[in-house]
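**Student:** Below you'll find entry29.txt; it's compact mmCIF, C-alpha atoms.
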# COMPACT_ATOMS: atom_id res chain seq x y z
CA MET A 1 121.47 118.77 108.85
CA ARG A 2 118.24 120.09 107.40
CA ARG A 3 115.39 117.56 107.43
CA LYS A 4 113.99 116.47 104.07
CA ILE A 5 110.33 117.02 104.92
CA PRO A 6 107.77 118.46 102.44
CA SER A 7 105.80 121.57 103.34
CA ASN A 8 102.63 121.15 105.41
CA THR A 9 100.61 122.94 102.73
CA ALA A 10 101.72 120.47 100.07
CA LEU A 11 100.99 117.47 102.29
CA LEU A 12 97.51 118.76 103.21
CA ALA A 13 96.72 119.40 99.54
CA PHE A 14 97.94 115.95 98.52
CA GLU A 15 96.08 114.12 101.31
CA ALA A 16 92.80 115.87 100.49
CA ALA A 17 93.18 115.25 96.74
CA ALA A 18 94.05 111.58 97.34
CA ARG A 19 91.09 111.10 99.69
CA HIS A 20 88.59 112.73 97.35
CA GLY A 21 90.16 111.53 94.11
CA SER A 22 89.67 115.05 92.81
CA PHE A 23 91.64 118.29 92.84
CA ALA A 24 88.39 120.28 92.67
CA ARG A 25 86.87 118.68 95.78
CA ALA A 26 90.18 119.04 97.63
CA ALA A 27 90.17 122.74 96.72
CA ASP A 28 86.63 123.13 98.11
CA GLU A 29 87.61 121.44 101.38
CA LEU A 30 90.73 123.56 101.89
CA SER A 31 89.18 126.81 100.59
CA LEU A 32 91.75 127.04 97.80
CA THR A 33 91.55 127.17 94.02
CA GLU A 34 91.95 124.02 91.97
CA GLY A 35 95.04 125.59 90.42
CA ALA A 36 96.58 126.09 93.88
CA ILE A 37 96.00 122.41 94.72
CA SER A 38 97.60 121.37 91.42
CA ARG A 39 100.63 123.58 92.05
CA GLN A 40 101.13 122.28 95.59
CA ILE A 41 100.98 118.67 94.41
CA GLY A 42 103.35 119.48 91.54
CA ARG A 43 105.85 120.93 94.03
CA LEU A 44 105.47 117.85 96.22
CA GLU A 45 106.12 115.54 93.27
CA GLN A 46 109.16 117.62 92.31
CA PHE A 47 110.43 117.49 95.91
CA LEU A 48 110.00 113.69 96.06
CA GLY A 49 111.06 113.00 92.51
CA VAL A 50 108.04 110.71 92.11
CA ALA A 51 104.76 111.10 90.22
CA LEU A 52 101.96 110.74 92.77
CA PHE A 53 99.08 111.14 90.31
CA GLN A 54 98.48 109.88 86.80
CA ARG A 55 97.02 112.65 84.64
CA VAL A 56 94.79 111.68 81.71
CA GLY A 57 93.35 114.79 80.06
CA ASN A 58 91.45 116.70 82.75
CA ARG A 59 91.20 113.65 85.02
CA VAL A 60 93.65 112.49 87.67
CA ARG A 61 94.03 109.28 89.62
CA LEU A 62 96.52 108.10 92.19
CA ALA A 63 99.60 106.32 90.93
CA PRO A 64 100.56 103.15 92.88
CA SER A 65 103.33 105.04 94.68
CA GLY A 66 100.88 107.86 95.42
CA ALA A 67 98.35 105.47 96.94
CA ARG A 68 100.95 104.07 99.34
CA TYR A 69 102.21 107.53 100.24
CA ALA A 70 98.65 108.79 100.81
CA VAL A 71 98.04 106.14 103.51
CA GLN A 72 101.25 107.11 105.31
CA VAL A 73 100.61 110.85 105.06
CA ARG A 74 97.03 110.44 106.30
CA GLU A 75 98.18 108.48 109.36
CA ILE A 76 100.85 111.08 110.17
CA LEU A 77 98.47 114.03 109.80
CA GLU A 78 95.78 112.33 111.90
CA ARG A 79 98.28 111.53 114.63
CA LEU A 80 99.65 115.08 114.55
CA GLU A 81 96.14 116.51 114.83
CA ARG A 82 95.26 114.12 117.66
CA ASP A 83 98.41 114.98 119.61
CA SER A 84 97.89 118.70 119.03
CA LEU A 85 94.28 118.56 120.27
CA TYR A 86 95.47 116.60 123.29
CA LEU A 87 97.97 119.31 124.20
CA MET A 88 95.43 122.07 123.55
CA GLY A 89 93.12 120.39 126.05
CA GLN A 90 95.65 120.31 128.89
CA PRO A 91 94.98 122.55 131.89
CA ILE A 92 97.20 125.62 131.86
CA ASP A 93 98.03 125.55 135.56
CA GLY A 94 97.74 121.79 136.15
CA ALA A 95 99.21 118.44 135.24
CA SER A 96 97.96 115.30 133.57
CA ILE A 97 98.86 111.61 133.55
CA ASP A 98 97.98 108.81 131.16
CA ILE A 99 97.13 105.42 132.64
CA ALA A 100 96.61 102.15 130.76
CA ALA A 101 94.25 99.79 132.57
CA LEU A 102 92.29 96.62 132.16
CA PRO A 103 88.84 97.79 130.98
CA THR A 104 86.62 96.14 133.61
CA PHE A 105 89.00 97.06 136.43
CA ALA A 106 88.89 100.65 135.23
CA SER A 107 85.10 100.86 134.91
CA ARG A 108 84.14 98.75 137.94
CA TRP A 109 86.80 99.63 140.52
CA LEU A 110 89.03 102.55 139.55
CA ILE A 111 86.69 105.12 138.00
CA PRO A 112 84.08 104.96 140.81
CA ARG A 113 86.87 105.97 143.23
CA LEU A 114 88.50 108.70 141.12
CA LYS A 115 86.32 111.43 142.63
CA ARG A 116 88.25 110.98 145.87
CA PHE A 117 91.54 111.52 144.03
CA LYS A 118 90.10 114.56 142.27
CA ASN A 119 89.07 116.05 145.61
CA LEU A 120 92.62 115.60 146.92
CA HIS A 121 94.37 116.77 143.73
CA PRO A 122 92.03 118.99 141.70
CA HIS A 123 94.89 120.21 139.49
CA ILE A 124 95.74 116.70 138.17
CA THR A 125 93.82 115.27 135.21
CA VAL A 126 93.84 111.47 134.89
CA HIS A 127 93.42 110.04 131.38
CA ILE A 128 92.56 106.33 131.20
CA ALA A 129 92.82 104.02 128.19
CA GLU A 130 92.09 100.30 128.05
CA ARG A 131 94.79 97.74 127.34
CA MET A 132 93.88 94.06 127.46
CA GLU A 133 97.41 92.70 126.96
CA PRO A 134 100.74 93.56 128.59
CA PHE A 135 102.92 95.89 126.52
CA VAL A 136 106.24 97.72 126.56
CA LEU A 137 105.65 100.74 128.79
CA ALA A 138 108.66 102.71 127.56
CA GLY A 139 107.73 104.78 124.54
CA SER A 140 104.05 103.81 124.74
CA GLY A 141 102.83 107.28 125.73
CA PHE A 142 101.53 105.96 129.07
CA ASP A 143 102.90 107.03 132.43
CA ALA A 144 101.80 103.84 134.19
CA ALA A 145 99.72 100.70 133.75
CA ILE A 146 97.29 98.79 135.95
CA HIS A 147 97.38 95.15 134.95
CA PHE A 148 98.05 91.63 136.15
CA GLU A 149 101.50 90.57 137.28
CA HIS A 150 103.25 89.28 134.17
CA PRO A 151 106.80 88.56 132.94
CA ALA A 152 106.31 91.31 130.33
CA TRP A 153 106.77 93.87 133.12
CA THR A 154 110.32 92.67 133.88
CA GLY A 155 112.51 95.70 134.51
CA MET A 156 109.52 97.82 135.51
CA HIS A 157 108.51 98.63 139.09
CA CYS A 158 105.41 96.58 140.00
CA HIS A 159 103.39 97.36 143.12
CA PRO A 160 100.78 94.78 144.22
CA LEU A 161 97.24 96.15 144.47
CA LEU A 162 94.48 93.56 144.87
CA GLU A 163 93.78 89.88 144.38
CA GLU A 164 91.40 88.91 141.57
CA ILE A 165 89.47 86.23 143.50
CA LEU A 166 86.87 84.63 141.24
CA VAL A 167 83.45 83.76 142.62
CA PRO A 168 80.42 82.20 140.88
CA VAL A 169 77.41 84.54 140.94
CA CYS A 170 73.96 84.62 139.42
CA SER A 171 70.65 86.44 139.79
CA PRO A 172 68.41 85.35 142.69
CA ALA A 173 65.60 84.59 140.23
CA LEU A 174 67.77 82.12 138.31
CA LEU A 175 68.84 80.38 141.50
CA ALA A 176 65.21 79.98 142.53
CA THR A 177 64.51 77.91 139.42
CA SER A 178 67.30 75.37 140.07
CA ALA A 179 67.22 72.22 142.14
CA GLY A 180 68.81 73.50 145.33
CA MET A 181 72.16 75.21 144.69
CA SER A 182 73.65 72.73 142.22
CA LEU A 183 75.93 74.45 139.73
CA ASP A 184 75.48 71.56 137.36
CA ALA A 185 71.79 72.41 137.06
CA LEU A 186 72.48 75.97 135.91
CA PRO A 187 73.87 77.39 132.63
CA LEU A 188 77.48 78.49 132.87
CA LEU A 189 78.81 81.75 131.39
CA HIS A 190 82.40 81.88 130.14
CA ARG A 191 85.06 84.51 129.53
CA ARG A 192 86.60 83.95 126.12
CA GLN A 193 90.16 84.66 127.29
CA ASN A 194 89.92 82.06 130.07
CA PRO A 195 88.03 79.06 128.67
CA ASP A 196 89.31 76.66 131.36
CA ALA A 197 88.20 78.79 134.32
CA TRP A 198 85.14 76.69 135.18
CA GLN A 199 87.06 73.43 134.96
CA ASP A 200 89.86 74.81 137.17
CA TYR A 201 87.33 76.19 139.64
CA ALA A 202 85.38 72.91 139.85
CA GLN A 203 88.55 70.91 140.51
CA ALA A 204 89.77 73.36 143.18
CA ALA A 205 86.37 73.58 144.90
CA GLY A 206 85.62 69.86 144.67
CA ILE A 207 82.42 70.49 142.73
CA GLY A 208 81.30 68.09 140.01
CA LEU A 209 80.44 69.63 136.66
CA ALA A 210 79.32 67.29 133.86
CA ASN A 211 80.52 69.60 131.07
CA PRO A 212 82.29 72.75 132.34
CA ALA A 213 83.04 73.98 128.78
CA VAL A 214 79.41 74.38 127.64
CA GLY A 215 77.84 77.83 127.59
CA PRO A 216 78.06 81.25 125.93
CA ARG A 217 81.36 83.15 125.86
CA TYR A 218 82.00 86.85 126.42
CA ASP A 219 85.11 88.97 125.99
CA LEU A 220 85.00 91.01 129.21
CA HIS A 221 84.14 90.43 132.84
CA ALA A 222 81.82 93.43 132.51
CA MET A 223 79.82 91.49 129.91
CA LEU A 224 79.69 88.43 132.16
CA ILE A 225 78.35 90.52 135.03
CA GLU A 226 75.60 92.00 132.87
CA ALA A 227 74.71 88.54 131.57
CA ALA A 228 74.43 87.24 135.14
CA LEU A 229 72.26 90.21 136.13
CA ALA A 230 70.02 89.44 133.14
CA GLY A 231 69.51 85.88 134.40
CA LEU A 232 71.40 84.21 131.56
CA GLY A 233 73.48 81.97 133.80
CA VAL A 234 76.20 81.75 136.43
CA ALA A 235 79.28 83.94 135.88
CA LEU A 236 82.71 83.34 137.38
CA VAL A 237 83.89 86.90 138.03
CA PRO A 238 86.20 88.80 140.41
CA ARG A 239 84.47 89.53 143.71
CA LEU A 240 85.86 93.08 143.81
CA TYR A 241 83.80 93.94 140.67
CA ILE A 242 80.44 92.93 142.14
CA GLU A 243 80.52 94.12 145.74
CA ALA A 244 77.67 96.60 145.15
CA GLU A 245 75.46 94.02 143.40
CA LEU A 246 76.01 91.52 146.22
CA ARG A 247 75.14 94.12 148.87
CA GLN A 248 72.00 95.11 146.97
CA GLY A 249 70.95 91.49 146.48
CA ARG A 250 70.94 91.83 142.69
CA LEU A 251 73.45 88.98 142.56
CA VAL A 252 73.98 86.06 144.93
CA ALA A 253 77.09 83.97 145.56
CA PRO A 254 76.16 80.80 147.49
CA TRP A 255 79.22 78.90 146.24
CA PRO A 256 82.81 79.09 147.56
CA ASP A 257 85.32 81.60 146.21
CA GLY A 258 88.00 80.38 143.82
CA HIS A 259 91.05 81.40 145.85
CA THR A 260 93.36 78.89 144.16
CA ILE A 261 92.77 80.37 140.69
CA SER A 262 93.17 84.00 141.70
CA LYS A 263 95.56 86.48 140.07
CA ARG A 264 97.02 89.74 141.35
CA PHE A 265 96.50 93.24 139.99
CA CYS A 266 99.51 95.51 140.13
CA LEU A 267 100.50 99.09 139.39
CA VAL A 268 103.35 99.20 136.87
CA LEU A 269 105.66 102.22 136.88
CA PRO A 270 108.75 102.92 134.78
CA GLU A 271 110.66 104.03 137.87
CA PRO A 272 110.27 103.96 141.68
CA VAL A 273 107.37 105.97 143.12
CA ALA A 274 109.77 108.28 144.94
CA LEU A 275 111.47 109.23 141.66
CA SER A 276 108.30 109.65 139.59
CA ALA A 277 107.00 113.02 138.47
CA ALA A 278 104.92 114.77 141.14
CA ALA A 279 101.53 114.09 139.50
CA LEU A 280 102.27 110.41 138.91
CA GLN A 281 103.72 110.08 142.40
CA ALA A 282 100.52 111.50 143.91
CA PHE A 283 98.34 109.14 141.87
CA ALA A 284 100.47 106.09 142.70
CA GLN A 285 100.44 106.79 146.43
CA TRP A 286 96.67 107.39 146.39
CA LEU A 287 96.03 104.19 144.40
CA LEU A 288 98.12 102.06 146.75
CA GLU A 289 96.23 103.48 149.75
CA GLU A 290 92.87 102.81 148.08
CA ALA A 291 93.91 99.23 147.35
CA ARG A 292 95.00 98.68 150.95
CA ALA A 293 91.67 100.02 152.21
CA SER A 294 89.76 97.72 149.83
CA ARG A 295 91.46 94.48 150.87
CA PRO A 296 89.24 92.18 152.94
Is it possible to express this structure as structure tokens?
**Tutor:**
Amino acid sequence: MRRKIPSNTALLAFEAAARHGSFARAADELSLTEGAISRQIGRLEQFLGVALFQRVGNRVRLAPSGARYAVQVREILERLERDSLYLMGQPIDGASIDIAALPTFASRWLIPRLKRFKNLHPHITVHIAERMEPFVLAGSGFDAAIHFEHPAWTGMHCHPLLEEILVPVCSPALLATSAGMSLDALPLLHRRQNPDAWQDYAQAAGIGLANPAVGPRYDLHAMLIEAALAGLGVALVPRLYIEAELRQGRLVAPWPDGHTISKRFCLVLPEPVALSAAALQAFAQWLLEEARASRP
């Protein structure tokens, strides 16, 4: 059965006219005459059986139905253009994979290691997008996800990677101003998504904190790390994100790790590694080996 879809020319003319609120400006943008824009929109209205514009003399304005349709058409055209540009940018003789990852894990652990994968597989392009929350992998446009273990991944194939062991860290200069190494004498920095982290850590470590909820809050671990480097307070962050800063002495961690409040990162695949497409299979095997090599 033939699809009931308007012509691309008519949709482009309508979207431009709706965005500008003017047939003349739409004509300038599309390098057409104003009459051509008017005819295309007239054909679209005839095709739909709905008036998209209200015409008053020489002036036009969107009808309520036209305003709603303009939003939908604009989203579809933008998505079509985005997907087309994505395909145009693919290597002719290579492959590409799309990975969803937690943002700080991607920037602090994964991306610094990707050069090694590129050296092994120069024909594979890895695209990375951030996703803070678990999601349905099927139909998402992603080939795999790197996230925490979560019930949302039920039915998927989850491969353990690394433990997110939290450790309190601060700048050496801040520690020098405190009375010994007492956490209670230092400002605490919080991650907004985990407001009870300091309280849970203090109970597990047997450390007394007068008010573990006081202090500024940040969205990402990356922000917490930068705040700690700036001397704003003590941040409770995953040790695997700050290995370089600890080696360089830019951050210090004189307090015990929070092993009891740790979580596990995992690689989520829609099917077993052995059945995955060749590019995804190569990336998954490399990632699992990198994770094994990084474990203490």
**Student:** Name the residues in contact with Ser7 (chain A) at a cut-off of 12 Å, using only C-alpha atoms, excluding same-chain residues fewer than 2 positions from it; report them as a ChimeraX atom specification.
**Tutor:** /A:3-5,9-14,40-41,43-45,47-48
**Student:** Please produce a file of the residues just selected, as a tab-separated table (two decimals), in the coordinates of the input, where the atoms kept are C-alpha atoms.
**Tutor:**
chain	number	residue	atom	x	y	z
A	3	ARG	CA	115.39	117.56	107.43
A	4	LYS	CA	113.99	116.47	104.07
A	5	ILE	CA	110.33	117.02	104.92
A	9	THR	CA	100.61	122.94	102.73
A	10	ALA	CA	101.72	120.47	100.07
A	11	LEU	CA	100.99	117.47	102.29
A	12	LEU	CA	97.51	118.76	103.21
A	13	ALA	CA	96.72	119.40	99.54
A	14	PHE	CA	97.94	115.95	98.52
A	40	GLN	CA	101.13	122.28	95.59
A	41	ILE	CA	100.98	118.67	94.41
A	43	ARG	CA	105.85	120.93	94.03
A	44	LEU	CA	105.47	117.85	96.22
A	45	GLU	CA	106.12	115.54	93.27
A	47	PHE	CA	110.43	117.49	95.91
A	48	LEU	CA	110.00	113.69	96.06
**Student:** When distances are computed from only C-alpha atoms, which of A:Leu161, A:Met132, A:Val214, A:Ala70 shows the smallest separation from Trp109 (chain A)?
**Tutor:**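 Under the stated criterion, the closest residue is A:Leu161.
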**Student:** Which residue, A:Gln72, A:Asn8, A:Asn119, A:Thr104, has the smallest gap to Ile146 (chain A) when you use only C-alpha atoms?
**Tutor:**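 Among the listed residues, the smallest separation from Ile146 (chain A) belongs to A:Thr104.
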**Student:** Can you list, as a list in words, every protein, DNA or RNA residue that comes within 7 Å of region 237-246 of chain A when you count all atoms listed in the file, leaving out same-chain residues fewer than 5 positions away?
**Tutor:**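 That gives Arg108, Trp109, Glu164, Ile165, Leu166, Val167, Pro168, His221, Leu251 and Val252 of chain A.
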**Student:** With only C-alpha atoms as the basis for distance, which of A:Ala293, A:Gly57, A:Leu87, A:His157 is at the shortest distance from Ala274 (chain A)?
**Tutor:**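 For Ala274 (chain A), the nearest of the given residues is A:His157.
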**Student:** Go through A:Leu80, A:Thr260, A:Pro172, A:Arg247 and flag the residue nearest Gln203 (chain A), using only C-alpha atoms for the distances.
**Tutor:**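 Closest candidate: A:Thr260.
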**Student:** Using only C-alpha atoms, find the one residue out of A:Asp143, A:Glu81, A:Glu226, A:Glu290 that sits nearest to Val273 (chain A).
**Tutor:**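 Closest to Val273 (chain A) of all the choices is A:Asp143.
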**Student:** List every protein, DNA or RNA residue that has at least one atom no more than 9 Å from (105.3, 100.8, 128.3) in the file's coordinates, counting only C-alpha atoms, and write the result as a ChimeraX atom specification.
**Tutor:** /A:134-145,153,156,268-270
**Student:** Neighbouring residues of Ala205 (chain A) were defined as those with any atom within 8 Å, considering all atoms listed in the file; residues of the same chain fewer than 3 positions away were excluded. Please report them as a list in words.
**Tutor:** Tyr201, Ala202, Pro256 and Gly258 of chain A
**Student:** Report, in Å with one decimal, the straight-line distance from CA of Ala222 (chain A) to CA of Phe148 (chain A).
**Tutor:**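 Going from CA of Ala222 (chain A) over to CA of Phe148 (chain A), I get 16.7 Å.
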